[in-house]
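Structure file run_37.tsv with TSV, C-alpha atoms and all ligand atoms:
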```tsv
chain	number	residue	atom	x	y	z
A	1	MET	CA	0.00	0.00	0.00
A	2	SER	CA	1.47	3.41	-1.02
A	3	SER	CA	1.24	6.38	1.34
A	4	PRO	CA	-0.64	9.40	0.06
A	5	SER	CA	1.67	11.67	-1.94
A	6	GLU	CA	1.43	14.93	-3.89
A	7	ASN	CA	0.16	12.82	-6.80
A	8	SER	CA	-2.71	11.36	-4.76
A	9	LEU	CA	-6.12	12.28	-6.14
A	10	LYS	CA	-9.46	12.77	-4.42
A	11	ILE	CA	-11.69	10.52	-6.49
A	12	GLY	CA	-15.48	10.48	-6.05
A	13	ILE	CA	-17.16	7.44	-7.57
A	14	ILE	CA	-20.77	7.42	-8.75
A	15	GLY	CA	-22.10	3.84	-9.01
A	16	PHE	CA	-20.36	1.45	-6.66
A	17	GLY	CA	-21.20	-1.82	-8.47
A	18	PRO	CA	-18.84	-4.72	-9.24
A	19	PHE	CA	-16.59	-2.82	-11.63
A	20	ALA	CA	-16.10	0.19	-9.32
A	21	GLN	CA	-15.35	-2.17	-6.42
A	22	PHE	CA	-12.73	-3.87	-8.59
A	23	LEU	CA	-11.10	-0.56	-9.66
A	24	VAL	CA	-10.94	0.99	-6.18
A	25	LYS	CA	-8.79	-1.80	-4.77
A	26	THR	CA	-5.92	-0.63	-6.99
A	27	MET	CA	-6.67	3.06	-6.43
A	28	ILE	CA	-6.60	2.58	-2.65
A	29	LYS	CA	-3.36	0.58	-2.95
A	30	GLN	CA	-1.85	3.51	-4.85
A	31	GLY	CA	-2.73	5.97	-2.04
A	32	HIS	CA	-5.65	7.86	-3.62
A	33	PHE	CA	-8.54	9.16	-1.47
A	34	ILE	CA	-11.79	7.52	-2.51
A	35	ARG	CA	-15.41	8.52	-1.80
A	36	ALA	CA	-18.39	6.72	-3.28
A	37	THR	CA	-22.10	7.12	-3.77
A	38	SER	CA	-24.58	4.75	-5.39
A	39	ARG	CA	-28.26	3.91	-5.73
A	40	SER	CA	-27.84	1.05	-3.22
A	41	ASP	CA	-26.30	1.39	0.24
A	42	TYR	CA	-22.64	0.28	0.30
A	43	THR	CA	-21.82	1.79	3.70
A	44	ASP	CA	-20.64	-1.51	5.24
A	45	LEU	CA	-18.48	-2.46	2.29
A	46	CYS	CA	-16.94	1.02	2.16
A	47	ASN	CA	-16.25	0.89	5.90
A	48	GLN	CA	-14.39	-2.38	5.35
A	49	LEU	CA	-12.39	-0.79	2.53
A	50	GLY	CA	-11.64	2.28	4.68
A	51	ILE	CA	-13.35	4.75	2.31
A	52	SER	CA	-16.31	7.11	2.74
A	53	PHE	CA	-19.75	6.28	1.40
A	54	PHE	CA	-22.29	9.08	0.88
A	55	ARG	CA	-25.99	8.23	0.86
A	56	ASP	CA	-26.70	11.89	0.11
A	57	MET	CA	-25.69	12.99	-3.39
A	58	ASN	CA	-25.55	16.69	-2.37
A	59	GLU	CA	-23.01	15.93	0.36
A	60	PHE	CA	-21.05	13.78	-2.08
A	61	PHE	CA	-20.85	16.72	-4.51
A	62	GLU	CA	-19.96	19.17	-1.77
A	63	SER	CA	-16.99	17.00	-0.73
A	64	ASP	CA	-14.08	18.33	-2.68
A	65	ASN	CA	-13.24	15.86	-5.48
A	66	ASP	CA	-10.52	16.27	-8.12
A	67	VAL	CA	-12.12	13.53	-10.19
A	68	ILE	CA	-15.73	12.34	-10.47
A	69	LEU	CA	-15.72	8.81	-11.85
A	70	MET	CA	-18.95	7.61	-13.47
A	71	CYS	CA	-19.23	3.82	-13.01
A	72	THR	CA	-22.96	3.27	-13.48
A	73	SER	CA	-24.49	0.84	-15.94
A	74	ILE	CA	-24.81	1.94	-19.57
A	75	LEU	CA	-28.59	1.86	-19.45
A	76	SER	CA	-28.84	3.99	-16.28
A	77	LEU	CA	-26.31	6.70	-17.20
A	78	SER	CA	-28.78	9.12	-18.73
A	79	GLN	CA	-31.09	9.04	-15.71
A	80	VAL	CA	-28.16	9.23	-13.23
A	81	ILE	CA	-26.32	12.08	-14.95
A	82	LYS	CA	-29.45	14.19	-15.40
A	83	SER	CA	-30.24	13.91	-11.68
A	84	LEU	CA	-26.79	15.04	-10.44
A	85	PRO	CA	-26.94	18.12	-8.15
A	86	LEU	CA	-24.28	19.89	-10.21
A	87	ASN	CA	-24.97	23.19	-8.46
A	88	CYS	CA	-23.34	21.65	-5.34
A	89	LEU	CA	-19.96	21.35	-7.12
A	90	LYS	CA	-17.52	23.61	-5.28
A	91	GLN	CA	-14.94	23.78	-8.07
A	92	PRO	CA	-14.49	22.48	-11.62
A	93	ALA	CA	-13.70	18.75	-11.58
A	94	LEU	CA	-12.49	16.19	-14.05
A	95	PHE	CA	-15.42	13.95	-15.02
A	96	VAL	CA	-14.36	10.49	-16.19
A	97	ASP	CA	-16.53	7.62	-17.33
A	98	VAL	CA	-15.64	3.93	-17.75
A	99	LEU	CA	-18.64	2.78	-19.78
A	100	SER	CA	-18.07	0.06	-22.36
A	101	VAL	CA	-19.51	2.28	-25.09
A	102	LYS	CA	-18.00	5.69	-25.68
A	103	GLU	CA	-19.87	8.09	-27.98
A	104	TYR	CA	-22.97	7.85	-25.81
A	105	PRO	CA	-21.44	8.96	-22.45
A	106	ARG	CA	-19.30	11.58	-24.27
A	107	ASP	CA	-22.40	13.19	-25.79
A	108	LEU	CA	-24.35	13.04	-22.52
A	109	MET	CA	-21.49	14.50	-20.47
A	110	LEU	CA	-20.93	17.35	-22.95
A	111	GLN	CA	-24.63	18.07	-22.95
A	112	VAL	CA	-25.22	18.03	-19.19
A	113	LEU	CA	-22.00	18.93	-17.33
A	114	PRO	CA	-20.90	22.51	-16.62
A	115	HIS	CA	-18.68	23.96	-19.36
A	116	ASP	CA	-15.80	24.49	-16.94
A	117	SER	CA	-15.67	20.76	-16.07
A	118	ASP	CA	-13.10	18.62	-17.85
A	119	VAL	CA	-14.24	15.42	-19.59
A	120	LEU	CA	-12.19	12.26	-20.07
A	121	CYS	CA	-13.83	9.22	-21.67
A	122	THR	CA	-12.18	5.89	-20.91
A	123	HIS	CA	-12.73	2.18	-21.31
A	124	PRO	CA	-10.55	-0.19	-19.32
A	125	MET	CA	-10.70	-3.23	-21.64
A	126	PHE	CA	-10.72	-5.67	-18.72
A	127	GLY	CA	-12.65	-6.48	-15.57
A	128	PRO	CA	-12.61	-8.45	-12.32
A	129	GLU	CA	-12.05	-11.77	-14.13
A	130	SER	CA	-9.55	-10.80	-16.84
A	131	GLY	CA	-7.75	-8.36	-14.49
A	132	ARG	CA	-7.72	-10.73	-11.54
A	133	ASP	CA	-3.93	-11.15	-11.58
A	134	GLY	CA	-3.06	-7.53	-12.26
A	135	TRP	CA	-3.44	-5.09	-15.14
A	136	ASN	CA	-0.09	-5.55	-16.84
A	137	ASP	CA	-0.40	-5.58	-20.67
A	138	LEU	CA	-4.19	-5.07	-20.56
A	139	SER	CA	-5.50	-2.29	-22.81
A	140	PHE	CA	-6.84	0.98	-21.48
A	141	MET	CA	-8.61	3.18	-24.06
A	142	PHE	CA	-9.01	6.90	-23.45
A	143	ASP	CA	-10.15	10.05	-25.25
A	144	LYS	CA	-9.28	13.48	-23.79
A	145	VAL	CA	-12.57	15.03	-24.85
A	146	ARG	CA	-12.26	18.36	-23.01
A	147	ILE	CA	-9.17	18.78	-20.87
A	148	ARG	CA	-7.84	22.05	-19.48
A	149	ASN	CA	-6.24	20.75	-16.30
A	150	GLU	CA	-3.61	18.46	-17.84
A	151	THR	CA	-2.04	17.74	-14.43
A	152	ILE	CA	-5.14	16.12	-12.93
A	153	CYS	CA	-5.85	14.26	-16.17
A	154	SER	CA	-2.36	12.81	-16.44
A	155	ARG	CA	-2.34	11.84	-12.75
A	156	PHE	CA	-5.57	9.96	-13.35
A	157	LEU	CA	-4.20	8.20	-16.44
A	158	GLN	CA	-1.09	7.33	-14.45
A	159	ILE	CA	-3.23	5.07	-12.22
A	160	PHE	CA	-3.50	2.69	-15.17
A	161	ALA	CA	-0.15	3.38	-16.86
A	162	SER	CA	1.74	2.64	-13.65
A	163	GLU	CA	0.05	-0.79	-13.42
A	164	GLY	CA	1.43	-1.63	-16.89
A	165	CYS	CA	-1.75	-1.08	-18.95
A	166	LYS	CA	-1.35	-0.54	-22.70
A	167	MET	CA	-2.51	3.07	-22.94
A	168	MET	CA	-4.54	3.46	-26.17
A	169	GLU	CA	-5.55	7.03	-27.01
A	170	MET	CA	-8.27	7.15	-29.68
A	171	THR	CA	-11.53	8.93	-30.37
A	172	CYS	CA	-14.77	7.65	-28.89
A	173	GLU	CA	-16.00	7.03	-32.44
A	174	GLU	CA	-12.98	4.86	-33.29
A	175	HIS	CA	-13.45	2.93	-30.03
A	176	ASP	CA	-17.11	2.19	-30.79
A	177	ARG	CA	-16.30	1.15	-34.36
A	178	LEU	CA	-13.56	-1.23	-33.21
A	179	SER	CA	-15.34	-2.61	-30.16
A	180	SER	CA	-18.47	-3.44	-32.18
A	181	ARG	CA	-16.24	-5.72	-34.25
A	182	SER	CA	-14.43	-7.19	-31.24
A	183	GLN	CA	-16.23	-6.99	-27.89
A	184	PHE	CA	-19.82	-6.93	-29.14
A	185	LEU	CA	-19.16	-9.71	-31.68
A	186	THR	CA	-17.47	-11.84	-28.99
A	187	HIS	CA	-20.40	-11.42	-26.62
A	188	THR	CA	-22.91	-12.17	-29.37
A	189	ILE	CA	-21.14	-15.34	-30.56
A	190	GLY	CA	-20.59	-16.37	-26.91
A	191	ARG	CA	-24.31	-15.99	-26.23
A	192	VAL	CA	-25.26	-17.87	-29.40
A	193	LEU	CA	-23.00	-20.79	-28.42
A	194	ALA	CA	-24.34	-20.72	-24.83
A	195	GLU	CA	-27.91	-20.66	-26.19
A	196	MET	CA	-27.13	-23.81	-28.24
A	197	GLU	CA	-25.72	-25.56	-25.13
A	198	ILE	CA	-22.91	-27.22	-27.10
A	199	GLU	CA	-21.35	-30.11	-25.17
A	200	PRO	CA	-18.55	-32.64	-25.76
A	201	THR	CA	-19.57	-35.88	-27.52
A	202	PRO	CA	-17.71	-39.23	-27.47
A	203	ILE	CA	-16.60	-38.66	-31.09
A	204	ASP	CA	-15.33	-35.06	-30.93
A	205	THR	CA	-13.02	-33.87	-33.68
A	206	LYS	CA	-10.10	-31.62	-32.75
A	207	GLY	CA	-12.02	-28.75	-34.36
A	208	PHE	CA	-15.07	-29.28	-32.15
A	209	GLN	CA	-12.88	-29.60	-29.05
A	210	LYS	CA	-11.41	-26.21	-29.95
A	211	LEU	CA	-14.93	-24.75	-30.39
A	212	ILE	CA	-15.89	-25.98	-26.91
A	213	GLU	CA	-12.67	-24.48	-25.53
A	214	VAL	CA	-13.41	-21.16	-27.22
A	215	SER	CA	-16.99	-21.20	-25.93
A	216	ALA	CA	-15.78	-21.93	-22.38
A	217	THR	CA	-13.11	-19.20	-22.58
A	218	ILE	CA	-15.64	-16.63	-23.84
A	219	SER	CA	-18.07	-17.61	-21.05
A	220	MET	CA	-15.31	-17.26	-18.46
A	221	LEU	CA	-14.26	-13.83	-19.74
A	222	MET	CA	-17.89	-12.76	-20.12
A	223	LYS	CA	-18.20	-13.24	-16.35
A	224	ASP	CA	-16.66	-9.76	-16.18
A	225	TYR	CA	-19.99	-8.63	-17.54
A	226	MET	CA	-22.12	-11.20	-15.75
A	227	GLN	CA	-21.50	-11.01	-12.04
A	228	LYS	CA	-25.16	-11.82	-11.69
A	229	GLU	CA	-26.83	-14.91	-13.10
A	230	SER	CA	-26.20	-14.97	-16.82
A	231	THR	CA	-29.89	-15.29	-17.55
A	232	SER	CA	-30.87	-12.38	-15.32
A	233	ARG	CA	-32.17	-9.08	-16.60
A	234	ASP	CA	-29.15	-7.23	-15.14
A	235	SER	CA	-26.72	-9.37	-17.10
A	236	PHE	CA	-28.73	-8.83	-20.28
A	237	ASP	CA	-28.74	-5.07	-19.49
A	238	LEU	CA	-24.98	-4.94	-19.95
A	239	PHE	CA	-25.03	-6.84	-23.22
A	240	SER	CA	-27.98	-4.88	-24.57
A	241	GLY	CA	-26.24	-1.63	-23.53
A	242	LEU	CA	-23.37	-2.59	-25.85
A	243	PHE	CA	-25.94	-2.91	-28.65
A	244	ILE	CA	-28.36	-0.07	-27.96
A	245	HIS	CA	-25.76	2.64	-27.34
A	246	ASN	CA	-23.14	1.75	-29.96
A	247	ARG	CA	-24.37	2.81	-33.39
A	248	PHE	CA	-21.84	0.46	-35.09
A	249	ALA	CA	-23.15	-2.64	-33.28
A	250	LYS	CA	-26.33	-2.68	-35.37
A	251	GLN	CA	-24.28	-3.07	-38.55
A	252	GLN	CA	-22.24	-5.87	-36.95
A	253	LEU	CA	-25.42	-7.75	-36.04
A	254	ARG	CA	-26.58	-7.36	-39.66
A	255	ASN	CA	-23.17	-8.59	-40.91
A	256	LEU	CA	-23.49	-11.66	-38.69
A	257	GLU	CA	-26.99	-12.37	-39.99
A	258	LEU	CA	-25.83	-11.84	-43.59
A	259	ALA	CA	-22.84	-14.15	-43.12
A	260	PHE	CA	-25.13	-16.84	-41.68
A	261	GLU	CA	-27.67	-16.39	-44.49
A	262	THR	CA	-24.92	-16.54	-47.15
A	263	ILE	CA	-23.57	-19.83	-45.82
A	264	LYS	CA	-27.07	-21.26	-45.45
A	265	GLU	CA	-27.95	-20.27	-49.04
A	266	GLN	CA	-24.73	-21.84	-50.38
A	267	LEU	CA	-25.57	-25.10	-48.59
A	268	ILE	CA	-29.18	-25.20	-49.77
A	269	LYS	CA	-28.20	-24.33	-53.35
A	270	ARG	CA	-25.62	-27.13	-53.37
A	271	MET	CA	-28.06	-29.58	-51.81
A	272	ASN	CA	-30.66	-28.80	-54.47
A	273	GLU	CA	-28.03	-29.27	-57.23
A	274	GLU	CA	-26.96	-32.63	-55.78
A	275	LEU	CA	-30.46	-33.98	-55.17
A	276	ASP	CA	-32.05	-32.66	-58.35
A	277	PRO	CA	-29.32	-32.37	-61.02
A	278	SER	CA	-31.84	-31.76	-63.87
A	301	LIG	N1	-17.54	-5.34	-15.59
A	301	LIG	C1	-16.57	-5.08	-16.41
A	301	LIG	O1	-15.72	-5.91	-16.67
A	301	LIG	C2	-16.45	-3.72	-17.05
A	301	LIG	C3	-15.29	-3.41	-17.77
A	301	LIG	C4	-15.16	-2.13	-18.35
A	301	LIG	C5	-16.18	-1.20	-18.20
A	301	LIG	N2	-17.31	-1.57	-17.50
A	301	LIG	C6	-18.37	-0.57	-17.37
A	301	LIG	O2	-18.46	-0.22	-15.99
A	301	LIG	C7	-19.80	0.14	-15.66
A	301	LIG	C8	-20.23	-0.64	-14.41
A	301	LIG	O3	-20.24	-2.01	-14.73
A	301	LIG	P1	-20.53	-3.14	-13.63
A	301	LIG	O4	-19.77	-4.33	-14.07
A	301	LIG	O5	-20.30	-2.62	-12.26
A	301	LIG	O6	-22.06	-3.52	-13.76
A	301	LIG	P2	-23.38	-2.74	-14.34
A	301	LIG	O7	-24.51	-3.63	-14.01
A	301	LIG	O8	-23.16	-2.35	-15.75
A	301	LIG	O9	-23.48	-1.41	-13.47
A	301	LIG	C9	-23.71	-1.48	-12.10
A	301	LIG	C10	-23.79	-0.08	-11.55
A	301	LIG	O10	-24.85	0.67	-12.16
A	301	LIG	C11	-25.71	1.18	-11.13
A	301	LIG	N3	-27.09	1.20	-11.62
A	301	LIG	C12	-27.72	0.26	-12.37
A	301	LIG	N4	-28.99	0.65	-12.64
A	301	LIG	C13	-29.17	1.86	-12.03
A	301	LIG	C14	-30.25	2.78	-11.96
A	301	LIG	N5	-31.42	2.53	-12.55
A	301	LIG	N6	-30.05	3.93	-11.27
A	301	LIG	C15	-28.87	4.19	-10.66
A	301	LIG	N7	-27.80	3.37	-10.71
A	301	LIG	C16	-27.94	2.21	-11.39
A	301	LIG	C17	-25.55	0.21	-9.98
A	301	LIG	O11	-25.87	0.89	-8.78
A	301	LIG	P3	-26.18	0.06	-7.44
A	301	LIG	O12	-25.08	-0.98	-7.34
A	301	LIG	O13	-26.12	1.10	-6.39
A	301	LIG	O14	-27.51	-0.58	-7.60
A	301	LIG	C18	-24.06	-0.11	-10.08
A	301	LIG	O15	-23.31	0.90	-9.47
A	301	LIG	C19	-20.65	-0.18	-16.88
A	301	LIG	O16	-20.94	1.01	-17.56
A	301	LIG	C20	-19.77	-1.09	-17.73
A	301	LIG	O17	-20.01	-0.93	-19.12
A	301	LIG	C21	-17.45	-2.79	-16.90
```
Represent the structure contained in this file as structure tokens.
Ligand SMILES: NC(=O)c1ccc[n+]([C@@H]2O[C@H](COP(=O)([O-])OP(=O)(O)OC[C@H]3O[C@@H](n4cnc5c(N)ncnc54)[C@H](OP(=O)(O)O)[C@@H]3O)[C@@H](O)[C@H]2O)c1
Amino acid sequence: MSSPSENSLKIGIIGFGPFAQFLVKTMIKQGHFIRATSRSDYTDLCNQLGISFFRDMNEFFESDNDVILMCTSILSLSQVIKSLPLNCLKQPALFVDVLSVKEYPRDLMLQVLPHDSDVLCTHPMFGPESGRDGWNDLSFMFDKVRIRNETICSRFLQIFASEGCKMMEMTCEEHDRLSSRSQFLTHTIGRVLAEMEIEPTPIDTKGFQKLIEVSATISMLMKDYMQKESTSRDSFDLFSGLFIHNRFAKQQLRNLELAFETIKEQLIKRMNEELDPS
């Protein structure tokens, strides 16, 4: 555990769910001062962690934070951000979000937050499962959307850089384009395979064994997004958030459908040729 230093930040977290709880362990270890607020009461957990929990959002905003870290679910962000008592802010702060989609929180933050607040959009491309043994070599995407106080921003980024994350600066648009082809596609294929309940058979080929391995690996990594039962509404909220609030995901879903239809058509055409050569 590091002692607080001149680089220590006062970080106020909004939304103290599984991902925020995972992130704060490292922030506390690094000597930052953490406060949290959330829809549910996390007083006991915060007491155990040695950090302050505010039930009252006004008091949370009046406490003097360098950084306000938005860790709520994708689907609740709009409601949460529009209900913030921004008039209680004592000084301009750096607002950061960690949502798994990026254009959506960027637009909301620019629309709602005071003009003198800085805005940093980020996506740590890992979670409690994939980052269980540390963050070394794991990607951290960020976009400095509106930054005037470079010192606070770079101290915040240093939290991840100093743990060995691959720091990937790119626009929110580029993130959403890329992640629709990687993260959203992975979750979709993972869910399709889970839906089909594929299981080993006594006559598995090497190829099928690999498919089962891939399916199991995706399910394991998807636990980052499924702390609750994978069939629950909350778990589906996360997945549907990736779809609803990433404009590129719709095209990826269409591409997947098209690819499936193309292969199906090729098979049926060939079958018809074979069975009815005339
Ligand atoms: N899990 C990961 O691996 C991962 C990785 C990168 C980024 N992220 C992003 O991090 C954020 C948090 O993810 P998560 O894994 O902790 O799970 P989540 O289910 O996406 O979000 C849980 C958080 O959202 C809050 N919340 C949900 N509905 C709400 C509502 N109607 N009103 C107010 N607050 C509401 C919860 O508050 P209460 O707990 O108080 O109910 C909790 O703090 C998400 O935006 C996700 O995209 C997650």
| task | Excluding Ser162 of chain A and any residue of its chain fewer than 3 positions from it, enumerate the residues within 10 Å of it, using all atoms listed in the file, and give them as a PyMOL selection string. | result | chain A and resi 30+135-136+157-159+165
| said: Can you pull out every residue with an atom within 8 Å of ligand LIG 301 (chain A)? Use only C-alpha atoms and all ligand atoms and format it as a PyMOL selection string. | reply: chain A and resi 14-21+37-42+70-77+79-80+97-101+123-130+222-227+234-235+237-238+241-242
| query | Restricting the calculation to only C-alpha atoms, which member of A:Ser78, A:Thr26, A:Thr171, A:Ser3 is positioned closest to Arg132 of chain A? | reply | A:Thr26
| request: Measuring atom to atom with all atoms listed in the file, identify which of A:Cys172, A:Ile198, A:Ile13, A:Ala36 is nearest to Lys144 of chain A. | output: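 When distances to Lys144 of chain A are compared using all atoms listed in the file, the smallest one comes from A:Cys172.
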| task | May I ask which of the residues A:Pro4, A:Pro114, A:Gly50, A:Pro277 is the closest one to Gln91 of chain A, counting only C-alpha atoms? | result | A:Pro114
| Can you tell me how far atom CA of Thr217 of chain A sits from atom CA of Leu193 of chain A, in Å to one decimal? |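 Distance reported for this atom pair: 11.6 Å.
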| message | Using only C-alpha atoms, which protein or nucleic acid residues come within 12 Å of Thr186 of chain A? Drop anything in the same chain fewer than 2 positions from it, and give the result as a list in words. | response |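 After dropping sequence-adjacent residues, the list is Ser179, Ser180, Arg181, Ser182, Gln183, Phe184, Thr188, Ile189, Gly190, Arg191, Val192, Leu193, Ala194, Val214, Ser215, Thr217, Ile218, Ser219, Leu221, Met222, Phe239, Leu242, Ala249, Gln252, Leu253 and Leu256 of chain A.
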| query | atom CA of Val145 of chain A and atom CA of Lys250 of chain A, how far apart in Å? | reply |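 Value for the atom CA of Lys250 of chain A-atom CA of Val145 of chain A distance: 24.8 Å.
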| said: What's the separation between atom CA of Asn47 of chain A and atom CA of Lys29 of chain A, in Å to one decimal place? | reply: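 Going from atom CA of Asn47 of chain A over to atom CA of Lys29 of chain A, I get 15.6 Å.
Minimum distance to Phe22 of chain A across A:Leu49, A:Met220, A:Arg146, A:Met168 (counting all atoms listed in the file) occurs at A:Leu49.
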